[in-house]
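Encoded as structure tokens, the structure appears first; notes follow it.
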Amino acid sequence: MAESISRITFFDNGDLRYHAQVQALSSPTLDAESTYAFTITSQKRLSKAPSEELVKFLVCLSKSDLLRLSGLIQRAVAAAPCEETAHGLL
């Protein structure tokens with residue numbers, strides 16, 4: 001794997017954290033189109049190994065598929081009437 005392009009913490013309640021990361025993959029056997037690893041990991045601060053991250057989801061995507069996923073997320077968020085209903089709070 002190459003260096004990380006981006007990594008965010010998208011959930012943190014003080015004990016449990018979820019991170020999302022996108023990394024470009026480089027390999028002579030991969031297709032000419034760029035390939036990326038999209039990973040979601042969790043981390044529990046109150047565990048015996050608080051710095052350990054567990055992989056919850058990992059998928060390798062082409063650049064076009066990763067952009068389609070990004071577009072889907074953006075359209076879904078834009079279509080939500082407000083932040084509270086998007087999170088099921090109302």
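Residue names in the structure tokens use chain letters A, B, ... in the order shown, residue numbers from 1 in each chain, and ligand numbers from 1 in the order shown.
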| query | Skipping near chain neighbours, those fewer than 6 positions away, what residues fall within 12 Å of region 35-46 of chain A using only C-alpha atoms, listed as a ChimeraX atom specification? | reply | /A:1-29,52-67,69-70
Residues as selected, C-alpha atoms, written as a PDB file, in the first residue's frame, can you do that?
```
ATOM      1  CA  MET A   1       0.000   0.000   0.000  1.00  0.00           C
ATOM      2  CA  ALA A   2       1.084   3.534  -0.649  1.00  0.00           C
ATOM      3  CA  GLU A   3       0.765   6.461   1.713  1.00  0.00           C
ATOM      4  CA  SER A   4      -2.659   7.485   2.986  1.00  0.00           C
ATOM      5  CA  ILE A   5      -4.517  10.071   0.928  1.00  0.00           C
ATOM      6  CA  SER A   6      -7.059  10.821   3.602  1.00  0.00           C
ATOM      7  CA  ARG A   7      -8.232   9.622   6.972  1.00  0.00           C
ATOM      8  CA  ILE A   8     -11.030  10.943   9.137  1.00  0.00           C
ATOM      9  CA  THR A   9     -12.634  10.070  12.450  1.00  0.00           C
ATOM     10  CA  PHE A  10     -16.352  10.101  11.711  1.00  0.00           C
ATOM     11  CA  PHE A  11     -17.665   8.872  15.085  1.00  0.00           C
ATOM     12  CA  ASP A  12     -16.221   9.455  18.561  1.00  0.00           C
ATOM     13  CA  ASN A  13     -18.232   9.081  21.761  1.00  0.00           C
ATOM     14  CA  GLY A  14     -15.250   9.314  24.104  1.00  0.00           C
ATOM     15  CA  ASP A  15     -14.635   5.561  24.179  1.00  0.00           C
ATOM     16  CA  LEU A  16     -15.479   4.146  20.757  1.00  0.00           C
ATOM     17  CA  ARG A  17     -14.117   5.750  17.590  1.00  0.00           C
ATOM     18  CA  TYR A  18     -14.654   4.910  13.926  1.00  0.00           C
ATOM     19  CA  HIS A  19     -12.170   5.994  11.259  1.00  0.00           C
ATOM     20  CA  ALA A  20     -12.427   5.982   7.460  1.00  0.00           C
ATOM     21  CA  GLN A  21      -9.348   5.949   5.280  1.00  0.00           C
ATOM     22  CA  VAL A  22      -8.613   5.988   1.549  1.00  0.00           C
ATOM     23  CA  GLN A  23      -5.250   4.768   0.271  1.00  0.00           C
ATOM     24  CA  ALA A  24      -3.954   4.525  -3.264  1.00  0.00           C
ATOM     25  CA  LEU A  25      -2.715   1.039  -4.103  1.00  0.00           C
ATOM     26  CA  SER A  26       0.219   0.482  -6.379  1.00  0.00           C
ATOM     27  CA  SER A  27       1.095  -2.844  -7.904  1.00  0.00           C
ATOM     28  CA  PRO A  28       2.452  -3.888 -11.286  1.00  0.00           C
ATOM     29  CA  THR A  29      -0.368  -6.457 -11.547  1.00  0.00           C
ATOM     30  CA  GLU A  52      -5.341  -1.182  18.446  1.00  0.00           C
ATOM     31  CA  GLU A  53      -7.657  -0.675  15.476  1.00  0.00           C
ATOM     32  CA  LEU A  54     -10.015  -3.356  14.209  1.00  0.00           C
ATOM     33  CA  VAL A  55     -10.890  -3.458  10.521  1.00  0.00           C
ATOM     34  CA  LYS A  56     -14.676  -3.355  10.158  1.00  0.00           C
ATOM     35  CA  PHE A  57     -14.838  -2.916   6.383  1.00  0.00           C
ATOM     36  CA  LEU A  58     -12.276  -3.043   3.581  1.00  0.00           C
ATOM     37  CA  VAL A  59     -12.892  -2.804  -0.149  1.00  0.00           C
ATOM     38  CA  CYS A  60     -10.639  -2.091  -3.123  1.00  0.00           C
ATOM     39  CA  LEU A  61     -12.223   0.196  -5.697  1.00  0.00           C
ATOM     40  CA  SER A  62     -11.262   1.721  -9.004  1.00  0.00           C
ATOM     41  CA  LYS A  63     -11.033   5.497  -9.132  1.00  0.00           C
ATOM     42  CA  SER A  64     -14.362   5.709 -10.983  1.00  0.00           C
ATOM     43  CA  ASP A  65     -16.118   3.445  -8.459  1.00  0.00           C
ATOM     44  CA  LEU A  66     -14.706   5.442  -5.539  1.00  0.00           C
ATOM     45  CA  LEU A  67     -15.958   8.656  -7.144  1.00  0.00           C
ATOM     46  CA  LEU A  69     -19.507   6.101  -3.996  1.00  0.00           C
ATOM     47  CA  SER A  70     -18.542   9.631  -3.022  1.00  0.00           C
TER      48      SER A  70
END
```
